[in-house]
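Dumped target_13.cif below, it's mmCIF, C-alpha atoms:
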```
data_work
#
loop_
_atom_site.group_PDB
_atom_site.id
_atom_site.type_symbol
_atom_site.label_atom_id
_atom_site.label_comp_id
_atom_site.auth_asym_id
_atom_site.auth_seq_id
_atom_site.Cartn_x
_atom_site.Cartn_y
_atom_site.Cartn_z
ATOM 1 C CA MET Y 1097 0.000 0.000 0.000
ATOM 2 C CA GLY Y 1098 3.008 2.230 0.298
ATOM 3 C CA GLU Y 1099 2.571 3.633 3.800
ATOM 4 C CA PRO Y 1100 4.664 1.785 6.423
ATOM 5 C CA GLY Y 1101 2.049 1.659 9.217
ATOM 6 C CA ILE Y 1102 -0.690 0.472 6.864
ATOM 7 C CA ASP Y 1103 1.695 -1.991 5.212
ATOM 8 C CA SER Y 1104 2.443 -3.526 8.638
ATOM 9 C CA ILE Y 1105 -1.245 -4.246 9.207
ATOM 10 C CA ALA Y 1106 -1.827 -5.478 5.647
ATOM 11 C CA ASN Y 1107 1.230 -7.761 5.771
ATOM 12 C CA TYR Y 1108 0.108 -9.206 9.112
ATOM 13 C CA ILE Y 1109 -3.379 -9.950 7.798
ATOM 14 C CA GLU Y 1110 -1.949 -11.552 4.662
ATOM 15 C CA ALA Y 1111 0.621 -13.678 6.538
ATOM 16 C CA ALA Y 1112 -2.014 -14.857 9.024
ATOM 17 C CA GLU Y 1113 -4.374 -15.613 6.117
ATOM 18 C CA MET Y 1114 -7.109 -13.729 7.926
ATOM 19 C CA PRO Y 1115 -10.297 -13.019 6.005
ATOM 20 C CA ALA Y 1116 -10.289 -9.254 6.271
ATOM 21 C CA THR Y 1117 -10.873 -6.115 4.292
ATOM 22 C CA LEU Y 1118 -8.979 -2.905 4.920
ATOM 23 C CA LEU Y 1119 -10.661 0.427 4.361
ATOM 24 C CA VAL Y 1120 -7.895 3.011 4.320
ATOM 25 C CA PRO Y 1121 -9.382 6.480 4.042
ATOM 26 C CA GLN Y 1122 -6.978 9.345 3.590
ATOM 27 C CA CYS Y 1123 -7.973 12.639 5.124
ATOM 28 C CA PRO Y 1124 -8.030 15.522 2.641
ATOM 29 C CA ALA Y 1125 -5.083 17.881 3.128
ATOM 30 C CA ASP Y 1126 -7.341 20.764 4.148
ATOM 31 C CA LYS Y 1127 -9.282 18.715 6.750
ATOM 32 C CA SER Y 1128 -8.668 16.786 9.961
ATOM 33 C CA TRP Y 1129 -10.251 13.688 11.460
ATOM 34 C CA GLY Y 1130 -12.810 15.587 13.484
ATOM 35 C CA GLY Y 1131 -16.205 17.226 13.112
ATOM 36 C CA PRO Y 1132 -17.920 16.463 9.808
ATOM 37 C CA MET Y 1133 -15.124 14.120 8.679
ATOM 38 C CA LEU Y 1134 -16.056 11.696 11.466
ATOM 39 C CA TYR Y 1135 -19.579 11.482 10.090
ATOM 40 C CA VAL Y 1136 -18.211 10.887 6.566
ATOM 41 C CA LEU Y 1137 -16.042 8.063 7.885
ATOM 42 C CA LYS Y 1138 -18.920 6.514 9.842
ATOM 43 C CA ARG Y 1139 -21.162 6.599 6.757
ATOM 44 C CA MET Y 1140 -18.407 4.973 4.684
ATOM 45 C CA ILE Y 1141 -18.092 2.151 7.233
ATOM 46 C CA GLU Y 1142 -21.869 1.681 7.423
ATOM 47 C CA SER Y 1143 -22.184 1.660 3.650
ATOM 48 C CA TYR Y 1144 -19.401 -0.869 3.211
ATOM 49 C CA THR Y 1145 -20.576 -3.200 5.972
ATOM 50 C CA ALA Y 1146 -24.139 -3.151 4.589
ATOM 51 C CA LYS Y 1147 -23.055 -3.915 1.008
ATOM 52 C CA GLU Y 1148 -20.363 -6.480 1.730
ATOM 53 C CA SER Y 1149 -22.008 -8.585 4.462
ATOM 54 C CA VAL Y 1150 -19.358 -7.633 7.002
ATOM 55 C CA ASP Y 1151 -19.951 -8.703 10.588
ATOM 56 C CA GLU Y 1152 -20.675 -5.389 12.306
ATOM 57 C CA ASN Y 1153 -19.258 -6.808 15.560
ATOM 58 C CA SER Y 1154 -15.870 -7.409 13.919
ATOM 59 C CA VAL Y 1155 -14.985 -3.914 12.764
ATOM 60 C CA TYR Y 1156 -11.688 -2.643 14.144
ATOM 61 C CA ILE Y 1157 -10.156 0.801 13.814
ATOM 62 C CA PHE Y 1158 -6.463 1.662 13.608
ATOM 63 C CA GLY Y 1159 -4.677 4.949 13.057
ATOM 64 C CA GLY Y 1160 -1.407 6.715 13.678
ATOM 65 C CA SER Y 1161 -0.631 10.389 14.257
ATOM 66 C CA MET Y 1162 -3.591 12.435 12.973
ATOM 67 C CA GLY Y 1163 -5.222 9.078 12.246
ATOM 68 C CA GLY Y 1164 -4.623 8.058 15.856
ATOM 69 C CA THR Y 1165 -6.343 11.213 17.047
ATOM 70 C CA GLY Y 1166 -9.124 10.393 14.583
ATOM 71 C CA VAL Y 1167 -9.483 6.930 16.141
ATOM 72 C CA TRP Y 1168 -9.934 8.495 19.577
ATOM 73 C CA SER Y 1169 -12.481 10.900 18.086
ATOM 74 C CA MET Y 1170 -14.431 8.107 16.351
ATOM 75 C CA LEU Y 1171 -14.590 6.123 19.606
ATOM 76 C CA SER Y 1172 -15.807 9.224 21.397
ATOM 77 C CA GLU Y 1173 -18.387 10.209 18.809
ATOM 78 C CA TYR Y 1174 -19.683 6.691 18.002
ATOM 79 C CA PRO Y 1175 -19.375 4.542 21.146
ATOM 80 C CA GLY Y 1176 -19.719 0.814 20.582
ATOM 81 C CA LEU Y 1177 -19.252 1.020 16.806
ATOM 82 C CA PHE Y 1178 -15.942 -0.870 16.884
ATOM 83 C CA ALA Y 1179 -14.936 -4.227 18.359
ATOM 84 C CA ALA Y 1180 -11.552 -2.787 19.398
ATOM 85 C CA ALA Y 1181 -9.247 0.093 18.543
ATOM 86 C CA MET Y 1182 -5.546 0.799 18.223
ATOM 87 C CA PRO Y 1183 -4.738 4.506 18.086
ATOM 88 C CA VAL Y 1184 -0.996 5.201 18.120
ATOM 89 C CA ALA Y 1185 0.749 8.533 18.608
ATOM 90 C CA GLY Y 1186 -2.673 10.163 18.836
ATOM 91 C CA ASN Y 1187 -4.210 12.772 21.110
ATOM 92 C CA PRO Y 1188 -7.308 11.706 23.089
ATOM 93 C CA SER Y 1189 -7.689 14.984 25.007
ATOM 94 C CA LYS Y 1190 -10.905 16.069 23.250
ATOM 95 C CA SER Y 1191 -12.536 12.641 23.597
ATOM 96 C CA ILE Y 1192 -15.369 11.746 25.972
ATOM 97 C CA ALA Y 1193 -13.942 9.024 28.232
ATOM 98 C CA GLU Y 1194 -17.353 7.550 29.065
ATOM 99 C CA ASN Y 1195 -17.951 6.921 25.350
ATOM 100 C CA VAL Y 1196 -14.472 5.656 24.539
ATOM 101 C CA ALA Y 1197 -14.688 3.260 27.517
ATOM 102 C CA GLN Y 1198 -17.196 1.151 25.591
ATOM 103 C CA THR Y 1199 -14.457 -0.119 23.260
ATOM 104 C CA PRO Y 1200 -11.293 -2.069 24.121
ATOM 105 C CA VAL Y 1201 -8.281 0.129 23.354
ATOM 106 C CA TYR Y 1202 -4.589 -0.588 22.806
ATOM 107 C CA THR Y 1203 -2.397 2.474 22.324
ATOM 108 C CA VAL Y 1204 1.312 2.995 21.787
ATOM 109 C CA MET Y 1205 3.300 6.170 22.415
ATOM 110 C CA GLY Y 1206 6.991 7.026 22.115
ATOM 111 C CA THR Y 1207 9.027 8.915 24.702
ATOM 112 C CA ALA Y 1208 10.856 10.917 21.999
ATOM 113 C CA ASP Y 1209 7.618 12.015 20.337
ATOM 114 C CA ARG Y 1210 7.684 15.805 20.121
ATOM 115 C CA ILE Y 1211 4.187 16.052 18.597
ATOM 116 C CA MET Y 1212 1.983 13.965 20.905
ATOM 117 C CA SER Y 1213 2.214 13.763 24.690
ATOM 118 C CA VAL Y 1214 2.739 10.446 26.473
ATOM 119 C CA THR Y 1215 1.302 12.036 29.627
ATOM 120 C CA THR Y 1216 -1.914 13.083 27.852
ATOM 121 C CA ALA Y 1217 -2.458 9.548 26.553
ATOM 122 C CA SER Y 1218 -1.480 7.954 29.853
ATOM 123 C CA ASP Y 1219 -3.847 10.166 31.842
ATOM 124 C CA PHE Y 1220 -6.675 9.335 29.439
ATOM 125 C CA ILE Y 1221 -5.954 5.596 29.702
ATOM 126 C CA ASP Y 1222 -6.138 5.979 33.499
ATOM 127 C CA ARG Y 1223 -9.582 7.568 33.102
ATOM 128 C CA LEU Y 1224 -10.694 4.684 30.867
ATOM 129 C CA ASN Y 1225 -9.408 2.127 33.366
ATOM 130 C CA ALA Y 1226 -11.340 3.873 36.150
ATOM 131 C CA LEU Y 1227 -14.455 3.407 34.005
ATOM 132 C CA GLY Y 1228 -13.736 -0.309 33.602
ATOM 133 C CA ASP Y 1229 -12.493 -0.222 30.004
ATOM 134 C CA ASP Y 1230 -10.261 -2.984 28.653
ATOM 135 C CA THR Y 1231 -7.046 -1.098 27.847
ATOM 136 C CA ARG Y 1232 -3.385 -1.559 27.176
ATOM 137 C CA MET Y 1233 -0.773 1.118 26.681
ATOM 138 C CA ASP Y 1234 2.822 0.587 25.626
ATOM 139 C CA VAL Y 1235 5.354 3.399 25.945
ATOM 140 C CA GLU Y 1236 8.414 2.805 23.803
ATOM 141 C CA ASP Y 1237 11.624 4.414 25.048
ATOM 142 C CA GLY Y 1238 13.297 6.658 22.491
ATOM 143 C CA TRP Y 1239 10.644 6.259 19.802
ATOM 144 C CA THR Y 1240 9.899 9.398 17.807
ATOM 145 C CA HIS Y 1241 6.464 10.262 16.473
ATOM 146 C CA GLU Y 1242 7.244 8.762 13.063
ATOM 147 C CA ARG Y 1243 8.798 5.600 14.486
ATOM 148 C CA THR Y 1244 5.795 5.084 16.768
ATOM 149 C CA CYS Y 1245 3.442 5.346 13.791
ATOM 150 C CA ILE Y 1246 5.487 2.891 11.717
ATOM 151 C CA GLU Y 1247 6.643 0.307 14.238
ATOM 152 C CA SER Y 1248 3.623 -0.013 16.521
ATOM 153 C CA TYR Y 1249 1.688 -2.317 14.208
ATOM 154 C CA THR Y 1250 3.795 -5.447 14.621
ATOM 155 C CA THR Y 1251 2.977 -9.131 14.930
ATOM 156 C CA PRO Y 1252 3.198 -9.169 18.758
ATOM 157 C CA ARG Y 1253 0.606 -6.367 18.893
ATOM 158 C CA LEU Y 1254 -1.785 -7.524 16.150
ATOM 159 C CA PRO Y 1255 -4.580 -8.309 16.486
ATOM 160 C CA PRO Y 1256 -4.987 -6.042 19.482
ATOM 161 C CA PRO Y 1257 -4.434 -8.117 22.623
ATOM 162 C CA VAL Y 1258 -7.450 -6.514 24.236
ATOM 163 C CA SER Y 1259 -10.602 -8.578 24.308
ATOM 164 C CA THR Y 1260 -13.225 -7.945 21.685
ATOM 165 C CA SER Y 1261 -16.117 -8.129 24.097
ATOM 166 C CA ARG Y 1262 -17.952 -4.880 24.545
ATOM 167 C CA SER Y 1263 -17.440 -3.381 27.972
ATOM 168 C CA HIS Y 1264 -20.294 -2.588 30.304
ATOM 169 C CA ALA Y 1265 -19.568 1.095 30.529
ATOM 170 C CA PRO Y 1266 -22.090 3.752 31.514
ATOM 171 C CA PRO Y 1267 -24.514 4.918 28.806
ATOM 172 C CA PRO Y 1268 -22.832 7.063 26.169
ATOM 173 C CA VAL Y 1269 -22.806 10.819 26.225
ATOM 174 C CA PRO Y 1270 -24.800 11.897 23.141
ATOM 175 C CA PRO Y 1271 -22.510 12.799 20.215
ATOM 176 C CA SER Y 1272 -22.548 16.260 18.779
ATOM 177 C CA PRO Y 1273 -24.422 16.573 15.482
ATOM 178 C CA PRO Y 1274 -22.257 16.831 12.367
ATOM 179 C CA SER Y 1275 -21.406 20.361 11.326
ATOM 180 C CA THR Y 1276 -22.550 21.491 7.943
#
```
Let me see the file written as C-alpha cells.
Amino acid sequence: MGEPGIDSIANYIEAAEMPATLLVPQCPADKSWGGPMLYVLKRMIESYTAKESVDENSVYIFGGSMGGTGVWSMLSEYPGLFAAAMPVAGNPSKSIAENVAQTPVYTVMGTADRIMSVTTASDFIDRLNALGDDTRMDVEDGWTHERTCIESYTTPRLPPPVSTSRSHAPPPVPPSPPST
C-alpha cells in the first residue's frame, strides 16, 4: 500500500491468512479527522458493511498520528461502533472518556515524540481504566512520532491483545451533530 504503518497491518493480515478487508481512508489535506469528517467516515463504514455482508461486531479501527487522534475521536463520537481500537501517537484529550470506555483500546506512544504527549495519553488511559475499560498502553523508550506510527503495528501487537467483548460502561454521552 506504500505507507509503512498500513503496510504492517496489511502484511500481518496476509501472513495470518485472515479473512479481512482494509478500508484506508486518507484525510483531505485541508481537513482533519474531526467534526464532519467523522460522520463521513462513519457513513463509509456503514455503507461498506451493509453492502459487503461484514460482521458489524468485527470492525476494528487503527490509526497513527492524525489518524490516531481520529481513532480516539471516532470512539468518542460513536461509542460501541468498533470491536476494538488501536490509536498510536494520537491525542485523546478532546474525547469523551465515558464513550471511549465502551471499546477495548490498545495504544502505543513514544518517549521521543515531540508532537503527541505520552502524559496526555497515559492520563486518558487511566480515566478509561477507572471506568472499567479494557485497555493496554505501551510506551516505547526513544521512539519518535514517526517511528511510533510505523513500528507499533507489529505481529506481537496484532490483532490487538485486548478482548473484543464490549465493555459494560455507563450509557454514552450523546454525540454532537455533524457540522454542515
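Near Gly1164 in chain Y, within 10 Å and counting all atoms listed in the file, sit Trp1129, Ile1157, Phe1158, Met1170, Ala1181, Met1182, Pro1183, Val1184, Ala1185, Gly1186, Asn1187, Pro1188, Thr1203, Val1204 and Cys1245 of chain Y; same-chain residues fewer than 6 positions away were not included.
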Once you have the residues from the selection above, write them out as a short mmCIF file (atom, residue, chain, number, x, y, z; two decimals), keeping the file's coordinate frame, restricted to C-alpha atoms.
```
data_model
loop_
_atom_site.label_atom_id
_atom_site.label_comp_id
_atom_site.auth_asym_id
_atom_site.auth_seq_id
_atom_site.Cartn_x
_atom_site.Cartn_y
_atom_site.Cartn_z
CA TRP Y 1129 -10.25 13.69 11.46
CA ILE Y 1157 -10.16 0.80 13.81
CA PHE Y 1158 -6.46 1.66 13.61
CA MET Y 1170 -14.43 8.11 16.35
CA ALA Y 1181 -9.25 0.09 18.54
CA MET Y 1182 -5.55 0.80 18.22
CA PRO Y 1183 -4.74 4.51 18.09
CA VAL Y 1184 -1.00 5.20 18.12
CA ALA Y 1185 0.75 8.53 18.61
CA GLY Y 1186 -2.67 10.16 18.84
CA ASN Y 1187 -4.21 12.77 21.11
CA PRO Y 1188 -7.31 11.71 23.09
CA THR Y 1203 -2.40 2.47 22.32
CA VAL Y 1204 1.31 3.00 21.79
CA CYS Y 1245 3.44 5.35 13.79
#
```
- Task: Expand the PyMOL selection byres ((chain Y and resi 1138) around 12) into the individual residues it matches in the shown file, reporting them as a PyMOL selection string.
- Result: chain Y and resi 1119+1121+1129-1137+1139-1145+1155+1157+1166-1167+1169-1171+1173-1175+1177-1178+1274
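Candidate residues Y:Ile1211, Y:Leu1227, Y:Ala1179, Y:Ala1112 were compared for distance to Ile1192 in chain Y, and the nearest is Y:Leu1227, using all atoms listed in the file.
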- Considering all atoms listed in the file, return as an MDAnalysis selection string whatever protein or nucleic-acid residues lie within 12 Å of His1241 in chain Y, sequence-local ones (same chain, fewer than 2 positions apart) excluded. chainID Y and resid 1160:1162 1164 1184:1187 1204:1214 1235:1239 1243:1248
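Distances here use all atoms listed in the file; by that measure, the residue among Y:Gln1122, Y:Ser1189, Y:Ser1172, Y:Ser1149 closest to Asp1219 in chain Y is Y:Ser1189.
Computed from the coordinates, the CA of Thr1240 in chain Y to CA of Ala1197 in chain Y distance equals 27.1 Å.
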